Amino acid sequence: MKKVLFVAIILLLLINPVFARKGIGMVTHTESIVVDEGSQKCITYGVFNPWDEDVRASLDIKGDINSIITQKETQPKLIKALTTYQESTELELCFFVPQVYQEKCILGLSCYQPCTQEPIEYKGEVIVIEAREESTSGTGSATSLGISSPLTVKVNCQETERSFSQLYFIIIIISMLGILIILYKRYKK
Amino acid sequence: MRGNPTSYLLIALILVLVFSLFGIFNERFKELQEKQEKLTGSATDRTLSTESRAAIDRIIAISLSPDLAGGIDFGTITTLPSPAASALGNNYVTGVTIYDIEIDPSSTNVDVDFCIKASNDLDTSPSQGTPIILSGYRWSNNTIGLIVDGTNPPGPTDALSLRTDYEPSQEAVSSSQPDNVIYYRFYLDVPAGIRPGQYTNTVFFKALATDPLTDLTPATCGS
């Protein structure tokens with residue numbers, strides 16, 4: 001009886017070999033951020049792995065947001081097995097948003113920001129990819145697994161009123177120079 | 001001094017100077033006032049209120065079955081042409097596929113859309129000039145043929161061709177058991193006259209949170 005049971009177990013293991021599942025988890029804290037012009041902002045994505053085997057993961061970025069990214073985790077990072085979403089490894093993504101809204105000026109002076117145009121947005125998606133190097137032994141395909149999250153970066157337009165300070169300053173300099181020249185000529189006489 | 005044009009000019013310049021000084025002080029005063037209002041709020045619109053906020057993170061965890069993670073293997077194909085060659089895991093144990101993707105129910109708090117694509121035609125490395133074209137590489141899953149588990153395969157005639165752009169493979173998959181597993185099968189048409197070699201490519205699976213607003217429309221898979 002014991003022999004039969006032993007053979008049955010061996011056969012079962014041969015027929016249905018048990019391998020560990022491999023996968024990845026992603027925590028998205030936000031899908032939309034507002035950034036001031038000319039400023040840098042960073043966001044993080046949590047990556048975890050509730051399965052039995054360690055995996056390596058990296059971030060891939062698609063869309064317009066690629067043009068404003070200054071820092072991203074490009075090298076695959078080791079994500080330990082049996083981690084919960086509370087124990088996520090944080091992968092950071094930083095953006096620098098250039099000056100995008102046009103100021104209105106008089107001869108390059110007395111500028112103001114009207115903020116009448118539509119808000120400028122950069123859209124894209126952030127994908128956590130499980131890096132894998134396996135390939136098939138015969139004809140077939142390697143497989144790749146990713147989790148995607150959309151991201152919108154909205155550029156904040158800071159409305160300002162027209163300021164004449166620079167214009168006044170130039171007029172003050174010119175008039176002071178004029179006064180000094182007139183007084184100098186008068187006292188010279 | 002009377003009648004001297006430079007005297008008039010001097011007076012005019014002094015007036016301009018005084019006017020400009022007044023203007024610059026006025027501008028500065030306005031800037032300070034705006035700053036003060038931003039810090040304290042103006043007396044007229046000051047209200048007593050507070051905002052309540054609770055942010056819930058979006059969490060998704062998915063895994064491939066060991067055989068799918070190891071690659072989709074069609075083995076060695078000896079008969080040509082070989083229409084609808086079946087991947088080795090399609091019917092591993094009498095009609096049961098061992099290619100699946102599972103959503104971890106304890107680590108996922110949204111419904112999930114799945115997308116699928118392939119990198120390119122199946123080709124040898126280096127290429128021998130005639131690849132196995134992608135339109136002959138087909139996939140099927142639970143949504144095709146109304147199967148609900150890994151058994152009862154939808155046949156190759158029901159399967160869809162892989163493309164190089166992502167397309168939805170299953171939408172709004174619940175993270176609750178038993179609906180949290182998607183079973184796949186893969187078929188490959190190998191034409192006659194194909195040269196010997198190992199033909200490979202990569203199949204990509206992508207998961208994204210189902211948008212409740214666009215639940216009834218096809219998932220936006222991206223590129």
# chains A, B, ... in the order shown; residues from 1 in each chain; ligands from 1
>>> interface_residues(of="chain B", to="chain A", cutoff="6 Å", atoms="only C-alpha atoms", output="PyMOL selection string")
chain B and resi 10+13+17+20+24+57-66+70-76+198-208
>>> select_by_dssp(residues="region 9-175 of chain B", states="helix (DSSP H, G or I)", output="ChimeraX atom specification")
/B:9-40,66-69,105-107,134-136,156-158
>>> write_last_selection(atoms="C-alpha atoms", output="compact mmCIF listing (two decimals), in the first residue's frame")
# COMPACT_ATOMS: atom_id res chain seq x y z
CA LEU B 9 13.52 120.86 -19.41
CA LEU B 10 14.96 120.65 -15.89
CA ILE B 11 11.52 121.23 -14.36
CA ALA B 12 9.97 118.67 -16.69
CA LEU B 13 12.64 116.11 -15.82
CA ILE B 14 12.15 116.70 -12.08
CA LEU B 15 8.39 116.27 -12.53
CA VAL B 16 8.94 113.04 -14.48
CA LEU B 17 11.34 111.86 -11.77
CA VAL B 18 8.83 112.57 -9.00
CA PHE B 19 6.02 110.97 -10.99
CA SER B 20 8.12 107.84 -11.66
CA LEU B 21 9.19 107.60 -8.02
CA PHE B 22 5.55 107.82 -6.99
CA GLY B 23 4.68 105.15 -9.60
CA ILE B 24 7.39 102.76 -8.44
CA PHE B 25 6.27 103.16 -4.80
CA ASN B 26 2.69 102.54 -5.89
CA GLU B 27 3.68 99.34 -7.75
CA ARG B 28 5.68 98.15 -4.76
CA PHE B 29 2.76 98.88 -2.44
CA LYS B 30 0.39 96.88 -4.70
CA GLU B 31 2.80 93.91 -4.72
CA LEU B 32 3.04 93.96 -0.92
CA GLN B 33 -0.74 94.16 -0.62
CA GLU B 34 -1.16 91.13 -2.93
CA LYS B 35 1.37 89.16 -0.91
CA GLN B 36 -0.44 90.09 2.31
CA GLU B 37 -3.79 88.96 0.84
CA LYS B 38 -2.29 85.65 -0.28
CA LEU B 39 -0.95 85.04 3.22
CA THR B 40 -4.03 86.00 5.22
CA PRO B 66 5.39 29.30 -14.42
CA ASP B 67 4.98 27.91 -17.94
CA LEU B 68 3.87 31.23 -19.39
CA ALA B 69 6.71 32.99 -17.55
CA PRO B 105 -6.90 39.05 -4.76
CA SER B 106 -5.24 40.10 -1.51
CA SER B 107 -3.06 42.76 -3.20
CA LEU B 134 2.55 37.35 -37.04
CA SER B 135 -0.92 37.06 -38.60
CA GLY B 136 -0.48 33.28 -38.29
CA PRO B 156 -7.71 27.67 -33.13
CA THR B 157 -10.43 28.85 -35.50
CA ASP B 158 -11.79 31.10 -32.74
>>> select_by_dssp(residues="region 58-135 of chain B", states="strand (DSSP E or B)", output="MDAnalysis selection string")
chainID B and resid 58:64 72:73 82:86 93 96 99:103 112:118 122:123 132
>>> residues_around(residues="Ser175 (chain B)", least_positions_apart="2", cutoff="7 Å", atoms="only C-alpha atoms", output="compact mmCIF listing (two decimals) with C-alpha atoms, in the first residue's frame")
# COMPACT_ATOMS: atom_id res chain seq x y z
CA ILE B 103 -4.59 38.71 -10.26
CA ASP B 104 -3.59 38.45 -6.61
CA PRO B 105 -6.90 39.05 -4.76
CA THR B 108 -5.39 44.27 -5.79
CA ASP B 111 -10.72 45.61 -11.66
CA VAL B 173 -11.33 41.32 -14.77
CA GLN B 177 -11.79 34.49 -6.90
CA ASP B 179 -12.79 35.16 -11.74
CA ASN B 180 -9.25 36.40 -11.13
>>> atom_distance(atom1="CA of Ser32 (chain A)", atom2="CA of Arg53 (chain B)")
15.9 Å
>>> closest_residue(among="B:Asn142, B:Thr130, B:Ser49, B:Ser82", to="Thr97 (chain B)", atoms="only C-alpha atoms")
B:Asn142
>>> decode(residues="region 66-95 of chain A", atoms="C-alpha atoms", output="PDB file, in the first residue's frame")
ATOM      1  CA  ASN A  66       9.133  61.627 -21.698  1.00  0.00           C
ATOM      2  CA  SER A  67      10.114  65.120 -22.875  1.00  0.00           C
ATOM      3  CA  ILE A  68      10.104  66.573 -19.342  1.00  0.00           C
ATOM      4  CA  ILE A  69      11.579  63.687 -17.353  1.00  0.00           C
ATOM      5  CA  THR A  70      14.875  64.417 -15.630  1.00  0.00           C
ATOM      6  CA  GLN A  71      15.250  61.303 -13.513  1.00  0.00           C
ATOM      7  CA  LYS A  72      13.885  57.779 -13.638  1.00  0.00           C
ATOM      8  CA  GLU A  73      14.903  54.342 -12.436  1.00  0.00           C
ATOM      9  CA  THR A  74      16.239  52.850 -15.643  1.00  0.00           C
ATOM     10  CA  GLN A  75      18.198  49.976 -14.164  1.00  0.00           C
ATOM     11  CA  PRO A  76      16.099  46.969 -13.073  1.00  0.00           C
ATOM     12  CA  LYS A  77      15.779  46.920  -9.286  1.00  0.00           C
ATOM     13  CA  LEU A  78      15.602  43.765  -7.188  1.00  0.00           C
ATOM     14  CA  ILE A  79      12.159  43.307  -5.652  1.00  0.00           C
ATOM     15  CA  LYS A  80      12.268  40.784  -2.844  1.00  0.00           C
ATOM     16  CA  ALA A  81       9.794  37.905  -2.784  1.00  0.00           C
ATOM     17  CA  LEU A  82       6.870  37.821  -0.353  1.00  0.00           C
ATOM     18  CA  THR A  83       6.589  41.596   0.018  1.00  0.00           C
ATOM     19  CA  THR A  84       3.214  43.214   0.556  1.00  0.00           C
ATOM     20  CA  TYR A  85       2.093  46.537  -0.881  1.00  0.00           C
ATOM     21  CA  GLN A  86       2.829  48.121   2.491  1.00  0.00           C
ATOM     22  CA  GLU A  87       6.459  47.045   2.026  1.00  0.00           C
ATOM     23  CA  SER A  88       6.781  48.392  -1.530  1.00  0.00           C
ATOM     24  CA  THR A  89      10.095  49.477  -2.966  1.00  0.00           C
ATOM     25  CA  GLU A  90       9.671  53.071  -4.139  1.00  0.00           C
ATOM     26  CA  LEU A  91      10.809  53.870  -7.693  1.00  0.00           C
ATOM     27  CA  GLU A  92      11.184  57.612  -8.276  1.00  0.00           C
ATOM     28  CA  LEU A  93      10.324  59.675 -11.330  1.00  0.00           C
ATOM     29  CA  CYS A  94      11.237  63.384 -11.516  1.00  0.00           C
ATOM     30  CA  PHE A  95      10.067  66.073 -13.941  1.00  0.00           C
TER      31      PHE A  95
END
